[in-house]
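Asker: Sharing a structure, written as structure tokens. Questions coming.
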Amino acid sequence: MAKIKILRSASDKSISHRAIMLSAISKKRVVVKNFLFAEDTLNTIKALLKLGVDIKTKGLDVIVSPAGKYGLKESDDIINMGNSGTGMRLLSGILSGFNFLSVLSGDESLRSRPMMRIAEPLSRMGAEILYRKGGLAPLAIKGKNSLNGIYHKQNIASAQVKSSILLAGLYSDEDVSIEEPAKSRNHTENMLKFLGVDVKESENLVSLGKAREPFGDCKIDVPADISSSAFFIIYAALKGKFELVLKDVGLNKTRIGILDILSRCSVNYEVMNRTVKNNEPFGDLLVKSTSSLKPFVIDKKNLPSLIDEIPILSVLAAYCDGVSVVKDASELRKKESDRISAICENLNRVGVKTEEFEDGFKIYGNKNIRIKPATIKTYKDHRIAMSFAILSALADVNLDIDETQSIKTSYPGFFEHLDYMLS
Ligand code: S3P
């Protein structure tokens, strides 16, 4: 019998951010179970504390005694969202409903990421938003208790933009709808519904109904993050030394594009113990190894469902026999780093051939590829750092990763979990 290892990876970052933000403006207390205690989500807790919310932690739980829908207080200082685009964009939506000044800033990476995509619709809804040249943070927001309605058609699928508008929409009595070219993750919609808000969802259109006050008085259980689990899914599949059970993984259908890629690459896996908690599907994943690895294509159809997994899928592609292609993905240049260039540069450094284009890249993979020792430049991007740490372990080659501090933003226990894989 194959050896089996069992792991629960870090909790879901997207759901953790939303759980505490939505609880903060609910009517009644919410207990968030298995919250992700990582830098990004801790910055969201700190932001909410500054805005007058009572938040306590107890073990792995966070207990939010809400300020209520209209109860946030003006912060007496700038609010620092660190590295988190989700934190900044979603909180901006909520703060657009408050008639006081909020200034949101963040680290160098966050201050270089595009904020016009939220500033424009939130301004149309009636909030006053100031930003630096080019639509960059810091953002200064002066909101209103009663915002205008909006029909916002997005050119690119973005859950952060959609969520920001939905949260601002709680402070409007008018029609609020967002249309997307492809469906992005719908955790905000699921959680709003769970908290009693009326949200209507069809394939590419989301609208708010009449009930717009989150109630609370509940528990929200956060699953393990499929984006964090992905590092060890790929490690186990490629290493082939053991079977890996990943416990309690969030299996929201807007997030599981990686599973289709595994099928395409003939990686054997099974989903077990499916269940649903707080409107989110959970399950355990059993990952087995594979012998034949086919290359794959990522394009606008599957991109939103695996957007954060592209760095680790690029490691997988290096071991697939043939050319894997990522296209229609210029959004990757606007993540925590320019991921298109960071992936290509670092794969080239270790001896994997790539071809970079404006909106994607090709990876020339090979099952017997030889990875060369090299220095890896992460550009302080957690997912680049973790992907190349996995490649180093897979290839048994020393890769000198220039920093690993960034990993704390989403997965503080990453190296402990990697050690367990190696044990
Ligand atoms: C996120 C949405 C995605 C994703 C990010 C988290 C979220 O970004 O890349 O890591 O929690 O809503 P976009 O909304 O920019 O696509």
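By convention here, the chains of the structure tokens are called A, B, ... in the order presented, each chain's residues are numbered starting at 1, and ligands are numbered starting at 1 in the order presented.
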Got a sec to check which residues lie within 6 Å of ligand 1, using only C-alpha atoms and all ligand atoms, and send them as a list in words?

Answerer: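 Counting only C-alpha atoms and all ligand atoms, the residues within 6 Å of ligand 1 come out as Ser14, Thr86, Ser158, Ala159, Gln160, Val161, Ile307 and Asp308 of chain A.
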
Asker: Would you please give, as a PyMOL selection string, all residues of stretch 212-272 of chain A that DSSP assigns to helix (DSSP H, G or I) based on the backbone?

Answerer: chain A and resi 226-239+257-264

Asker: Which neighbours of A:Ser102 fall inside 10 Å, counting only C-alpha atoms, when residues of the same chain fewer than 2 positions from it are skipped, and could you give them as JSON, numbers by chain?

Answerer: {"A": [51, 73, 74, 75, 76, 77, 78, 79, 92, 95, 96, 98, 99, 100, 104, 105, 129, 139, 140, 141, 142, 143]}

Asker: Compile a residue-level contact table for stretch 2-41 of chain A against stretch 179-194 of chain A at a cut-off of 9 Å, reporting for every qualifying residue the shortest atom pair and its distance in Å to one decimal, with only C-alpha atoms counted, rows ordered by chain and ascending number, as a tab-separated table.

Answerer:
```
residue	atom	partner	partner_atom	distance
A:Ser14	CA	A:His187	CA	7.5
A:Ile15	CA	A:His187	CA	6.4
A:Arg18	CA	A:Thr188	CA	6.6
A:Ala19	CA	A:Met191	CA	7.5
A:Leu22	CA	A:Leu192	CA	7.6
```

Asker: How about saving the chosen residues, all heavy atoms kept, as a compact mmCIF listing (two decimals), in the first residue's frame?

Answerer:
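Contents of again26.txt, freshly written:
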```
# COMPACT_ATOMS: atom_id res chain seq x y z
N SER A 14 -9.24 34.58 0.99
CA SER A 14 -10.39 35.35 0.49
C SER A 14 -11.56 35.28 1.47
O SER A 14 -12.20 36.29 1.77
CB SER A 14 -10.87 34.78 -0.85
OG SER A 14 -9.91 34.99 -1.83
N ILE A 15 -11.83 34.08 1.97
CA ILE A 15 -12.99 33.91 2.85
C ILE A 15 -12.71 34.55 4.22
O ILE A 15 -13.59 35.16 4.83
CB ILE A 15 -13.37 32.41 2.97
CG1 ILE A 15 -13.80 31.91 1.58
CG2 ILE A 15 -14.49 32.20 3.99
CD1 ILE A 15 -14.23 30.45 1.53
N ARG A 18 -13.26 38.32 3.99
CA ARG A 18 -14.70 38.64 3.88
C ARG A 18 -15.41 38.38 5.19
O ARG A 18 -16.31 39.12 5.59
CB ARG A 18 -15.33 37.81 2.75
CG ARG A 18 -14.93 38.32 1.36
CD ARG A 18 -15.10 37.22 0.33
NE ARG A 18 -14.93 37.68 -1.03
CZ ARG A 18 -13.76 37.87 -1.65
NH1 ARG A 18 -12.62 37.68 -1.00
NH2 ARG A 18 -13.72 38.26 -2.92
N ALA A 19 -15.02 37.28 5.87
CA ALA A 19 -15.74 36.90 7.09
C ALA A 19 -15.65 38.03 8.12
O ALA A 19 -16.66 38.39 8.74
CB ALA A 19 -15.17 35.61 7.66
N LEU A 22 -17.46 41.45 6.72
CA LEU A 22 -18.93 41.40 6.72
C LEU A 22 -19.48 41.28 8.14
O LEU A 22 -20.53 41.85 8.46
CB LEU A 22 -19.42 40.25 5.85
CG LEU A 22 -19.16 40.44 4.37
CD1 LEU A 22 -19.73 39.30 3.56
CD2 LEU A 22 -19.79 41.74 3.91
```

Asker: Can you tell me which residues surround A:Leu246 at a distance of at most 10 Å, considering only C-alpha atoms, apart from same-chain residues fewer than 4 positions away, and format the answer as JSON, numbers by chain?

Answerer: {"A": [5, 6, 7, 8, 9, 224, 226, 229, 230, 232, 233, 271, 272, 283, 284, 285, 286, 287]}

Asker: Which residues come within 9 Å of A:Val64, counting only C-alpha atoms, excluding same-chain residues fewer than 5 positions away, as a VMD selection string?

Answerer: chain A and resid 20 23 to 24 28 to 32 53 to 57

Asker: Can I get the selection written as a short mmCIF file (atom, residue, chain, number, x, y, z; two decimals), in the first residue's frame, with N, CA, C and O atoms?

Answerer:
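The file below, again.cif, is the result:
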```
data_model
loop_
_atom_site.label_atom_id
_atom_site.label_comp_id
_atom_site.auth_asym_id
_atom_site.auth_seq_id
_atom_site.Cartn_x
_atom_site.Cartn_y
_atom_site.Cartn_z
N ILE A 20 -14.46 38.60 8.30
CA ILE A 20 -14.40 39.62 9.35
C ILE A 20 -14.95 40.97 8.87
O ILE A 20 -15.56 41.70 9.64
N SER A 23 -18.76 40.56 9.01
CA SER A 23 -19.21 40.47 10.40
C SER A 23 -19.19 41.85 11.04
O SER A 23 -20.08 42.19 11.83
N ALA A 24 -18.17 42.63 10.71
CA ALA A 24 -17.99 43.95 11.34
C ALA A 24 -19.21 44.85 11.14
O ALA A 24 -19.52 45.68 11.99
N LYS A 28 -25.46 41.30 14.59
CA LYS A 28 -25.18 40.48 15.78
C LYS A 28 -23.83 39.78 15.66
O LYS A 28 -23.28 39.64 14.57
N ARG A 29 -23.37 39.28 16.78
CA ARG A 29 -22.04 38.67 16.90
C ARG A 29 -21.81 37.52 15.90
O ARG A 29 -22.71 36.74 15.61
N VAL A 30 -20.59 37.44 15.41
CA VAL A 30 -20.22 36.33 14.52
C VAL A 30 -18.93 35.69 15.04
O VAL A 30 -18.00 36.39 15.43
N VAL A 31 -18.91 34.36 15.04
CA VAL A 31 -17.68 33.65 15.39
C VAL A 31 -17.11 33.08 14.09
O VAL A 31 -17.78 32.34 13.37
N VAL A 32 -15.88 33.50 13.78
CA VAL A 32 -15.24 33.00 12.57
C VAL A 32 -14.29 31.89 12.99
O VAL A 32 -13.34 32.11 13.75
N VAL A 53 -14.29 48.48 15.57
CA VAL A 53 -14.97 47.18 15.73
C VAL A 53 -14.30 46.42 16.88
O VAL A 53 -13.08 46.46 17.03
N ASP A 54 -15.11 45.70 17.64
CA ASP A 54 -14.59 44.90 18.75
C ASP A 54 -14.30 43.49 18.22
O ASP A 54 -15.22 42.75 17.88
N ILE A 55 -13.01 43.15 18.14
CA ILE A 55 -12.63 41.83 17.61
C ILE A 55 -11.70 41.15 18.61
O ILE A 55 -10.73 41.76 19.06
N LYS A 56 -12.04 39.92 18.95
CA LYS A 56 -11.18 39.17 19.88
C LYS A 56 -10.81 37.85 19.23
O LYS A 56 -11.57 37.31 18.42
N THR A 57 -9.63 37.33 19.61
CA THR A 57 -9.27 36.02 19.08
C THR A 57 -9.26 35.02 20.23
O THR A 57 -8.95 35.37 21.37
#
```

Asker: Rounded to one decimal place, report the atom CA of A:Ala342-atom CA of A:Ala329 distance in Å.

Answerer: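 Straight-line distance from atom CA of A:Ala342 to atom CA of A:Ala329 works out to 13.9 Å.
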
Asker: Could you please determine the separation between atom CA of A:Asp248 and atom CA of A:Lys13 in Å, to one decimal place?

Answerer: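 For atom CA of A:Asp248 relative to atom CA of A:Lys13, the distance reads 14.2 Å.
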
Asker: Within 12 Å of A:Glu213, counting only C-alpha atoms, which residues qualify if same-chain residues fewer than 5 places away don't, as JSON, numbers by chain?

Answerer: {"A": [22, 23, 24, 25, 26, 27, 28, 68, 69, 70, 167, 168, 169, 170, 171, 172, 173, 192, 193, 194, 195, 196, 197, 198, 199, 208]}

Asker: Have a look at A:Met88, A:Leu394, A:Met81, A:Leu48 and name the one nearest to A:Lys241; count only C-alpha atoms.

Answerer: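 Using only C-alpha atoms, the shortest distance to A:Lys241 belongs to A:Leu394.
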